[in-house]
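Q: Supplied structure: input_18.pdb, PDB, C-alpha atoms.
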ATOM      1  CA  MET A   1    -132.851 -39.013  46.819
ATOM      2  CA  LYS A   2    -130.514 -39.106  43.846
ATOM      3  CA  TYR A   3    -130.878 -41.026  40.629
ATOM      4  CA  ASN A   4    -127.720 -43.073  41.289
ATOM      5  CA  ASP A   5    -128.953 -43.976  44.804
ATOM      6  CA  LEU A   6    -132.012 -45.803  43.455
ATOM      7  CA  VAL A   7    -132.069 -49.543  44.106
ATOM      8  CA  VAL A   8    -133.229 -51.192  40.931
ATOM      9  CA  GLU A   9    -134.740 -54.640  41.277
ATOM     10  CA  LYS A  10    -136.468 -56.797  38.735
ATOM     11  CA  ASN A  11    -140.248 -56.535  38.742
ATOM     12  CA  THR A  12    -140.878 -60.228  38.074
ATOM     13  CA  ARG A  13    -140.904 -62.864  40.767
ATOM     14  CA  PRO A  14    -139.033 -66.101  40.213
ATOM     15  CA  SER A  15    -141.274 -68.714  38.622
ATOM     16  CA  ARG A  16    -142.534 -71.484  40.915
ATOM     17  CA  LYS A  17    -142.676 -74.444  38.576
ATOM     18  CA  GLY A  18    -144.823 -77.432  39.323
ATOM     19  CA  ARG A  19    -147.089 -75.661  41.815
ATOM     20  CA  GLY A  20    -150.466 -76.140  40.136
ATOM     21  CA  ILE A  21    -152.432 -74.923  37.117
ATOM     22  CA  SER A  22    -152.764 -71.328  38.321
ATOM     23  CA  ALA A  23    -148.984 -70.945  38.592
ATOM     24  CA  GLY A  24    -148.654 -71.088  34.785
ATOM     25  CA  GLN A  25    -146.032 -73.854  34.868
ATOM     26  CA  GLY A  26    -147.985 -76.528  36.667
ATOM     27  CA  LYS A  27    -148.223 -80.294  36.160
ATOM     28  CA  THR A  28    -145.295 -81.088  33.827
ATOM     29  CA  ALA A  29    -143.592 -77.746  34.591
ATOM     30  CA  GLY A  30    -142.438 -77.188  30.982
ATOM     31  CA  ARG A  31    -140.590 -80.521  30.769
ATOM     32  CA  GLY A  32    -142.974 -82.171  28.342
ATOM     33  CA  THR A  33    -144.314 -85.595  29.164
ATOM     34  CA  LYS A  34    -142.420 -88.648  30.315
ATOM     35  CA  GLY A  35    -138.884 -89.662  29.475
ATOM     36  CA  GLN A  36    -135.563 -89.358  31.252
ATOM     37  CA  LYS A  37    -135.374 -85.579  30.895
ATOM     38  CA  ALA A  38    -138.794 -85.142  32.503
ATOM     39  CA  ARG A  39    -137.545 -86.749  35.723
ATOM     40  CA  THR A  40    -135.746 -85.216  38.649
ATOM     41  CA  GLY A  41    -131.944 -85.332  38.423
ATOM     42  CA  HIS A  42    -131.702 -85.411  34.639
ATOM     43  CA  ARG A  43    -129.141 -82.577  34.715
ATOM     44  CA  LYS A  44    -126.562 -84.952  36.201
ATOM     45  CA  MET A  45    -126.184 -86.869  32.912
ATOM     46  CA  PRO A  46    -122.803 -86.324  31.214
ATOM     47  CA  THR A  47    -122.533 -83.991  28.246
ATOM     48  CA  GLY A  48    -123.213 -85.842  25.025
ATOM     49  CA  PHE A  49    -125.191 -88.601  26.777
ATOM     50  CA  MET A  50    -127.647 -90.117  24.323
ATOM     51  CA  GLY A  51    -129.873 -92.384  26.395
ATOM     52  CA  GLY A  52    -127.435 -95.233  26.820
ATOM     53  CA  GLN A  53    -126.321 -95.581  23.215
ATOM     54  CA  ARG A  54    -122.841 -94.518  22.115
ATOM     55  CA  ALA A  55    -122.297 -90.768  22.547
ATOM     56  CA  ILE A  56    -121.900 -88.687  19.406
ATOM     57  CA  MET A  57    -118.268 -87.760  20.096
ATOM     58  CA  GLN A  58    -117.441 -91.469  20.298
ATOM     59  CA  ALA A  59    -119.426 -92.318  17.163
ATOM     60  CA  VAL A  60    -118.125 -89.625  14.781
ATOM     61  CA  PRO A  61    -114.562 -90.975  14.340
ATOM     62  CA  LYS A  62    -115.999 -94.391  13.450
ATOM     63  CA  LEU A  63    -118.470 -93.103  10.840
ATOM     64  CA  LYS A  64    -117.926 -93.795   7.164
ATOM     65  CA  GLY A  65    -115.903 -91.044   5.533
ATOM     66  CA  PHE A  66    -114.210 -89.783   8.701
ATOM     67  CA  LYS A  67    -110.884 -88.141   7.890
ATOM     68  CA  SER A  68    -108.223 -87.921  10.546
ATOM     69  CA  PHE A  69    -106.216 -84.703  10.748
ATOM     70  CA  HIS A  70    -103.278 -86.628  12.236
ATOM     71  CA  ALA A  71    -100.408 -86.340   9.751
ATOM     72  CA  LYS A  72     -98.950 -89.712   8.869
ATOM     73  CA  ALA A  73     -95.197 -90.193   8.530
ATOM     74  CA  GLU A  74     -93.720 -90.461   5.040
ATOM     75  CA  VAL A  75     -91.887 -93.718   4.421
ATOM     76  CA  VAL A  76     -88.328 -94.000   3.098
ATOM     77  CA  TYR A  77     -86.952 -97.450   2.288
ATOM     78  CA  THR A  78     -83.398 -98.448   3.176
ATOM     79  CA  ASP A  79     -82.449 -99.445  -0.396
ATOM     80  CA  ARG A  80     -83.179 -95.858  -1.545
ATOM     81  CA  LEU A  81     -80.558 -94.554   0.916
ATOM     82  CA  ASN A  82     -77.588 -96.260  -0.792
ATOM     83  CA  ASP A  83     -76.997 -93.245  -3.073
ATOM     84  CA  LEU A  84     -76.562 -90.859  -0.117
ATOM     85  CA  LYS A  85     -73.395 -90.125   1.869
ATOM     86  CA  GLY A  86     -72.520 -88.972   5.400
ATOM     87  CA  LYS A  87     -75.190 -87.398   7.583
ATOM     88  CA  VAL A  88     -78.768 -87.920   6.398
ATOM     89  CA  ASP A  89     -81.568 -85.767   7.828
ATOM     90  CA  ASN A  90     -84.931 -84.459   6.623
ATOM     91  CA  PHE A  91     -83.284 -81.747   4.505
ATOM     92  CA  THR A  92     -81.025 -84.279   2.745
ATOM     93  CA  LEU A  93     -83.994 -86.566   2.051
ATOM     94  CA  ALA A  94     -86.039 -83.642   0.698
ATOM     95  CA  ASP A  95     -83.129 -82.458  -1.518
ATOM     96  CA  ASN A  96     -82.923 -85.958  -3.031
ATOM     97  CA  ASN A  97     -86.719 -86.076  -3.612
ATOM     98  CA  LEU A  98     -87.236 -88.981  -1.211
ATOM     99  CA  ILE A  99     -89.780 -86.985   0.841
ATOM    100  CA  SER A 100     -92.066 -84.085  -0.041
ATOM    101  CA  SER A 101     -90.878 -81.592   2.604
ATOM    102  CA  PRO A 102     -88.218 -81.428   5.334
ATOM    103  CA  TYR A 103     -90.881 -80.356   7.864
ATOM    104  CA  ILE A 104     -92.765 -83.666   8.057
ATOM    105  CA  LYS A 105     -92.416 -86.927   9.976
ATOM    106  CA  VAL A 106     -90.199 -89.526   8.312
ATOM    107  CA  LYS A 107     -89.962 -93.247   8.984
ATOM    108  CA  ILE A 108     -87.159 -95.464   7.685
ATOM    109  CA  ILE A 109     -88.333 -98.981   6.773
ATOM    110  CA  THR A 110     -86.315-102.000   5.651
ATOM    111  CA  ARG A 111     -86.475-103.040   2.008
ATOM    112  CA  GLY A 112     -83.610-104.451   0.043
ATOM    113  CA  GLU A 113     -80.065-104.088   1.376
ATOM    114  CA  LEU A 114     -78.335-101.036   2.793
ATOM    115  CA  THR A 115     -74.622-100.856   1.941
ATOM    116  CA  ALA A 116     -73.781 -97.184   2.537
ATOM    117  CA  LYS A 117     -72.397 -96.054   5.905
ATOM    118  CA  LEU A 118     -74.849 -93.341   7.003
ATOM    119  CA  ASP A 119     -75.543 -91.292  10.124
ATOM    120  CA  ILE A 120     -79.329 -90.976   9.929
ATOM    121  CA  GLU A 121     -81.322 -88.421  11.944
ATOM    122  CA  THR A 122     -85.076 -88.824  11.403
ATOM    123  CA  GLN A 123     -88.217 -89.120  13.504
ATOM    124  CA  PHE A 124     -88.820 -92.888  13.260
ATOM    125  CA  ALA A 125     -87.222 -96.104  12.059
ATOM    126  CA  SER A 126     -88.253 -99.733  12.299
ATOM    127  CA  LYS A 127     -86.174-102.088  14.455
ATOM    128  CA  THR A 128     -84.984-104.001  11.416
ATOM    129  CA  ALA A 129     -84.036-100.732   9.675
ATOM    130  CA  ILE A 130     -81.955 -99.644  12.688
ATOM    131  CA  ALA A 131     -80.263-103.047  12.660
ATOM    132  CA  ALA A 132     -79.506-102.700   8.925
ATOM    133  CA  ILE A 133     -78.085 -99.188   9.446
ATOM    134  CA  LYS A 134     -75.800-100.396  12.244
ATOM    135  CA  LYS A 135     -74.763-103.457  10.229
ATOM    136  CA  ALA A 136     -73.653-101.143   7.398
ATOM    137  CA  GLY A 137     -71.514 -99.201   9.922
ATOM    138  CA  GLY A 138     -73.817 -96.224  10.379
ATOM    139  CA  SER A 139     -75.916 -94.867  13.251
ATOM    140  CA  PHE A 140     -79.505 -93.802  13.850
ATOM    141  CA  LYS A 141     -80.607 -90.879  16.012
ATOM    142  CA  LYS A 142     -84.242 -90.025  16.703
ATOM    143  CA  VAL A 143     -84.968 -86.281  16.361
ATOM    144  CA  ALA A 144     -88.078 -84.121  16.719
ATOM    145  CA  VAL A 145     -90.054 -82.869  13.730
ATOM    146  CA  LEU A 146     -88.509 -79.663  12.440
ATOM    147  CA  GLN A 147     -90.568 -76.481  12.568
ATOM    148  CA  LYS A 148     -90.933 -74.192   9.531
ATOM    149  CA  SER A 149     -88.787 -71.509  11.202
ATOM    150  CA  ALA A 150     -85.853 -73.936  11.613
ATOM    151  CA  LYS A 151     -83.012 -73.324   9.175
ATOM    152  CA  LYS A 152     -80.752 -75.977   7.722
ATOM    153  CA  ALA A 153     -77.653 -76.199   9.900
ATOM    154  CA  GLU A 154     -74.479 -76.529   7.864
TER     155      GLU A 154
END
Show me the file's structure as structure tokens.

A:
Amino acid sequence: MKYNDLVVEKNTRPSRKGRGISAGQGKTAGRGTKGQKARTGHRKMPTGFMGGQRAIMQAVPKLKGFKSFHAKAEVVYTDRLNDLKGKVDNFTLADNNLISSPYIKVKIITRGELTAKLDIETQFASKTAIAAIKKAGGSFKKVAVLQKSAKKAE
């Protein structure tokens, strides 16, 4: 017999719940008294289930003071674009202080009249803004949000 040949088994037997007072976990078998969780099959309830009322993960976004982490697009109006020339992208808009950073979502919205012929490359534009851009002789191209590592192509 060697020390590493020993078969080590646990000394305690598995508990036999609900098998009488002498078993130590008789009657309610450690489940408390009454209620849905005291019944058989309560483990089949979905995670977050709260007795039939709205689950907590559904309620939290609707609570007062909830703040979404979804970044909203910054808005640029068409009448502010009249001072620009040629190709307009996030970097051009940021250089002209129309948006806070070139690495955010931008949406072009109609306000006033657009007279400049521009080739605009942003993330979003309203239908009326696209129509105004085309009416002025320009074009609109939808592009993805730029990442911080992206450099300005010139």

Q: For the structure provided, state which residues fall under the PyMOL selection byres ((chain A and resi 83-86) around 8), and present them as an MDAnalysis selection string.

A: chainID A and resid 80:82 87:88 116:119

Q: How about saving the chosen residues, C-alpha atoms kept, as a PDB file, in the frame of the given file?

A:
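So the final result, stored in result-v4.pdb, reads:
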ATOM      1  CA  ARG A  80     -83.179 -95.858  -1.545  1.00  0.00           C
ATOM      2  CA  LEU A  81     -80.558 -94.554   0.916  1.00  0.00           C
ATOM      3  CA  ASN A  82     -77.588 -96.260  -0.792  1.00  0.00           C
ATOM      4  CA  LYS A  87     -75.190 -87.398   7.583  1.00  0.00           C
ATOM      5  CA  VAL A  88     -78.768 -87.920   6.398  1.00  0.00           C
ATOM      6  CA  ALA A 116     -73.781 -97.184   2.537  1.00  0.00           C
ATOM      7  CA  LYS A 117     -72.397 -96.054   5.905  1.00  0.00           C
ATOM      8  CA  LEU A 118     -74.849 -93.341   7.003  1.00  0.00           C
ATOM      9  CA  ASP A 119     -75.543 -91.292  10.124  1.00  0.00           C
TER      10      ASP A 119
END

Q: Using all atoms listed in the file, which residue out of A:Ser100, A:Gln58, A:Thr40, A:Asn4 lies closest to Gly18 of chain A?

A: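 Of A:Ser100, A:Gln58, A:Thr40, A:Asn4, the one nearest Gly18 of chain A is A:Thr40, counting all atoms listed in the file.
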
Q: Written as a list in words, what is the full residue list that the PyMOL selection byres ((chain A and resi 103) around 9) yields on the file shown?

A: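 Going through the file, the PyMOL selection byres ((chain A and resi 103) around 9) ends up selecting Asn90, Phe91, Ser100, Ser101, Pro102, Ile104, Lys105, Val145, Leu146, Gln147, Lys148 and Ala150 of chain A.
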
Q: Rounded to one decimal, what separation in Å do you get between atom CA of Glu9 of chain A and atom CA of Gly26 of chain A?

A: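 The value is 26.0 Å.
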
Q: Looking at all atoms listed in the file, which of A:Arg16, A:Leu98, A:Asp89, A:Ile109 is the one that sits closest to Lys141 of chain A?

A: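 Ranked by minimum distance to Lys141 of chain A, first place goes to A:Asp89.
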
Q: Can you list what the PyMOL selection byres ((chain A and resi 129) around 12) grabs from this structure, as an MDAnalysis selection string?

A: chainID A and resid 75:79 81 107:114 120 124:128 130:136 138:140

Q: Please report the interatomic distance between atom CA of Ser149 of chain A and atom CA of Ala71 of chain A in Å with one decimal.

A: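 These atoms are spaced 18.9 Å apart.
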
Q: Atom CA of Val106 of chain A and atom CA of Ala94 of chain A, how far apart in Å?

A: 10.5 Å

Q: Excluding Met45 of chain A and any residue of its chain fewer than 6 positions from it, enumerate the residues within 12 Å of it, using all atoms listed in the file, and give them as a PyMOL selection string.

A: chain A and resi 36-37+39+51-52+55

Q: Could you give me the axis-aligned bounding box of segment 74-78 of chain A, with 4 Å of padding per side, as centre plus edge lengths in Å to one decimal, as lines of an AutoDock Vina configuration file?

A:
center_x = -88.6
center_y = -94.5
center_z = 3.7
size_x = 18.3
size_y = 16.0
size_z = 10.8

Q: Counting only C-alpha atoms, which of A:Gly35, A:Leu6, A:Gly137, A:Thr92 gets nearest to Thr115 of chain A?

A: A:Gly137

Q: Identify which of the residues A:Ala59, A:Ile99, A:Ile21, A:Met1 lies closest to Ala73 of chain A, counting all atoms listed in the file when measuring atom-to-atom distances.

A: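 The answer is A:Ile99, which sits nearest to Ala73 of chain A.
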
Q: Output segment 77-111 of chain A as a PDB file, in the frame of the given file, making sure N, CA and C atoms are there.

A:
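New file result.pdb:
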ATOM      1  N   TYR A  77     -87.486 -96.096   2.209  1.00  0.00           N
ATOM      2  CA  TYR A  77     -86.952 -97.450   2.288  1.00  0.00           C
ATOM      3  C   TYR A  77     -85.430 -97.428   2.310  1.00  0.00           C
ATOM      4  N   THR A  78     -84.852 -98.420   2.991  1.00  0.00           N
ATOM      5  CA  THR A  78     -83.398 -98.448   3.176  1.00  0.00           C
ATOM      6  C   THR A  78     -82.641 -98.583   1.856  1.00  0.00           C
ATOM      7  N   ASP A  79     -83.189 -99.297   0.863  1.00  0.00           N
ATOM      8  CA  ASP A  79     -82.449 -99.445  -0.396  1.00  0.00           C
ATOM      9  C   ASP A  79     -82.363 -98.135  -1.181  1.00  0.00           C
ATOM     10  N   ARG A  80     -83.234 -97.177  -0.882  1.00  0.00           N
ATOM     11  CA  ARG A  80     -83.179 -95.858  -1.545  1.00  0.00           C
ATOM     12  C   ARG A  80     -82.091 -94.977  -0.952  1.00  0.00           C
ATOM     13  N   LEU A  81     -81.566 -95.366   0.228  1.00  0.00           N
ATOM     14  CA  LEU A  81     -80.558 -94.554   0.916  1.00  0.00           C
ATOM     15  C   LEU A  81     -79.132 -94.846   0.449  1.00  0.00           C
ATOM     16  N   ASN A  82     -78.931 -95.873  -0.365  1.00  0.00           N
ATOM     17  CA  ASN A  82     -77.588 -96.260  -0.792  1.00  0.00           C
ATOM     18  C   ASN A  82     -76.867 -95.179  -1.590  1.00  0.00           C
ATOM     19  N   ASP A  83     -77.621 -94.301  -2.260  1.00  0.00           N
ATOM     20  CA  ASP A  83     -76.997 -93.245  -3.073  1.00  0.00           C
ATOM     21  C   ASP A  83     -76.520 -92.064  -2.230  1.00  0.00           C
ATOM     22  N   LEU A  84     -76.908 -91.990  -0.981  1.00  0.00           N
ATOM     23  CA  LEU A  84     -76.562 -90.859  -0.117  1.00  0.00           C
ATOM     24  C   LEU A  84     -75.248 -91.115   0.612  1.00  0.00           C
ATOM     25  N   LYS A  85     -74.666 -90.013   1.148  1.00  0.00           N
ATOM     26  CA  LYS A  85     -73.395 -90.125   1.869  1.00  0.00           C
ATOM     27  C   LYS A  85     -73.458 -89.312   3.147  1.00  0.00           C
ATOM     28  N   GLY A  86     -72.693 -89.746   4.160  1.00  0.00           N
ATOM     29  CA  GLY A  86     -72.520 -88.972   5.400  1.00  0.00           C
ATOM     30  C   GLY A  86     -73.779 -88.880   6.237  1.00  0.00           C
ATOM     31  N   LYS A  87     -74.049 -87.643   6.704  1.00  0.00           N
ATOM     32  CA  LYS A  87     -75.190 -87.398   7.583  1.00  0.00           C
ATOM     33  C   LYS A  87     -76.456 -87.244   6.745  1.00  0.00           C
ATOM     34  N   VAL A  88     -77.495 -87.977   7.121  1.00  0.00           N
ATOM     35  CA  VAL A  88     -78.768 -87.920   6.398  1.00  0.00           C
ATOM     36  C   VAL A  88     -79.849 -87.437   7.366  1.00  0.00           C
ATOM     37  N   ASP A  89     -80.461 -86.285   7.022  1.00  0.00           N
ATOM     38  CA  ASP A  89     -81.568 -85.767   7.828  1.00  0.00           C
ATOM     39  C   ASP A  89     -82.729 -85.441   6.898  1.00  0.00           C
ATOM     40  N   ASN A  90     -83.746 -84.777   7.426  1.00  0.00           N
ATOM     41  CA  ASN A  90     -84.931 -84.459   6.623  1.00  0.00           C
ATOM     42  C   ASN A  90     -84.591 -83.580   5.423  1.00  0.00           C
ATOM     43  N   PHE A  91     -83.653 -82.642   5.599  1.00  0.00           N
ATOM     44  CA  PHE A  91     -83.284 -81.747   4.505  1.00  0.00           C
ATOM     45  C   PHE A  91     -82.594 -82.527   3.380  1.00  0.00           C
ATOM     46  N   THR A  92     -81.713 -83.455   3.749  1.00  0.00           N
ATOM     47  CA  THR A  92     -81.025 -84.279   2.745  1.00  0.00           C
ATOM     48  C   THR A  92     -82.026 -85.126   1.978  1.00  0.00           C
ATOM     49  N   LEU A  93     -82.976 -85.731   2.695  1.00  0.00           N
ATOM     50  CA  LEU A  93     -83.994 -86.566   2.051  1.00  0.00           C
ATOM     51  C   LEU A  93     -84.879 -85.740   1.117  1.00  0.00           C
ATOM     52  N   ALA A  94     -85.211 -84.516   1.528  1.00  0.00           N
ATOM     53  CA  ALA A  94     -86.039 -83.642   0.698  1.00  0.00           C
ATOM     54  C   ALA A  94     -85.261 -83.182  -0.538  1.00  0.00           C
ATOM     55  N   ASP A  95     -83.962 -82.883  -0.384  1.00  0.00           N
ATOM     56  CA  ASP A  95     -83.129 -82.458  -1.518  1.00  0.00           C
ATOM     57  C   ASP A  95     -83.007 -83.563  -2.562  1.00  0.00           C
ATOM     58  N   ASN A  96     -83.037 -84.822  -2.117  1.00  0.00           N
ATOM     59  CA  ASN A  96     -82.923 -85.958  -3.031  1.00  0.00           C
ATOM     60  C   ASN A  96     -84.290 -86.505  -3.462  1.00  0.00           C
ATOM     61  N   ASN A  97     -85.349 -85.734  -3.218  1.00  0.00           N
ATOM     62  CA  ASN A  97     -86.719 -86.076  -3.612  1.00  0.00           C
ATOM     63  C   ASN A  97     -87.207 -87.411  -3.051  1.00  0.00           C
ATOM     64  N   LEU A  98     -86.751 -87.763  -1.858  1.00  0.00           N
ATOM     65  CA  LEU A  98     -87.236 -88.981  -1.211  1.00  0.00           C
ATOM     66  C   LEU A  98     -88.446 -88.687  -0.329  1.00  0.00           C
ATOM     67  N   ILE A  99     -88.597 -87.428   0.094  1.00  0.00           N
ATOM     68  CA  ILE A  99     -89.780 -86.985   0.841  1.00  0.00           C
ATOM     69  C   ILE A  99     -90.254 -85.660   0.249  1.00  0.00           C
ATOM     70  N   SER A 100     -91.483 -85.279   0.569  1.00  0.00           N
ATOM     71  CA  SER A 100     -92.066 -84.085  -0.041  1.00  0.00           C
ATOM     72  C   SER A 100     -91.586 -82.782   0.597  1.00  0.00           C
ATOM     73  N   SER A 101     -91.276 -82.810   1.894  1.00  0.00           N
ATOM     74  CA  SER A 101     -90.878 -81.592   2.604  1.00  0.00           C
ATOM     75  C   SER A 101     -89.997 -81.965   3.787  1.00  0.00           C
ATOM     76  N   PRO A 102     -89.046 -81.107   4.164  1.00  0.00           N
ATOM     77  CA  PRO A 102     -88.218 -81.428   5.334  1.00  0.00           C
ATOM     78  C   PRO A 102     -88.940 -81.228   6.663  1.00  0.00           C
ATOM     79  N   TYR A 103     -90.158 -80.681   6.634  1.00  0.00           N
ATOM     80  CA  TYR A 103     -90.881 -80.356   7.864  1.00  0.00           C
ATOM     81  C   TYR A 103     -91.979 -81.369   8.179  1.00  0.00           C
ATOM     82  N   ILE A 104     -91.787 -82.614   7.804  1.00  0.00           N
ATOM     83  CA  ILE A 104     -92.765 -83.666   8.057  1.00  0.00           C
ATOM     84  C   ILE A 104     -92.108 -84.812   8.812  1.00  0.00           C
ATOM     85  N   LYS A 105     -92.945 -85.731   9.310  1.00  0.00           N
ATOM     86  CA  LYS A 105     -92.416 -86.927   9.976  1.00  0.00           C
ATOM     87  C   LYS A 105     -91.911 -87.898   8.915  1.00  0.00           C
ATOM     88  N   VAL A 106     -90.786 -88.558   9.238  1.00  0.00           N
ATOM     89  CA  VAL A 106     -90.199 -89.526   8.312  1.00  0.00           C
ATOM     90  C   VAL A 106     -89.942 -90.823   9.058  1.00  0.00           C
ATOM     91  N   LYS A 107     -90.251 -91.939   8.402  1.00  0.00           N
ATOM     92  CA  LYS A 107     -89.962 -93.247   8.984  1.00  0.00           C
ATOM     93  C   LYS A 107     -89.131 -94.053   7.996  1.00  0.00           C
ATOM     94  N   ILE A 108     -88.027 -94.616   8.497  1.00  0.00           N
ATOM     95  CA  ILE A 108     -87.159 -95.464   7.685  1.00  0.00           C
ATOM     96  C   ILE A 108     -87.627 -96.909   7.865  1.00  0.00           C
ATOM     97  N   ILE A 109     -87.852 -97.599   6.739  1.00  0.00           N
ATOM     98  CA  ILE A 109     -88.333 -98.981   6.773  1.00  0.00           C
ATOM     99  C   ILE A 109     -87.406 -99.844   5.922  1.00  0.00           C
ATOM    100  N   THR A 110     -87.205-101.079   6.353  1.00  0.00           N
ATOM    101  CA  THR A 110     -86.315-102.000   5.651  1.00  0.00           C
ATOM    102  C   THR A 110     -86.934-102.514   4.358  1.00  0.00           C
ATOM    103  N   ARG A 111     -86.142-102.415   3.284  1.00  0.00           N
ATOM    104  CA  ARG A 111     -86.475-103.040   2.008  1.00  0.00           C
ATOM    105  C   ARG A 111     -85.165-103.142   1.235  1.00  0.00           C
TER     106      ARG A 111
END
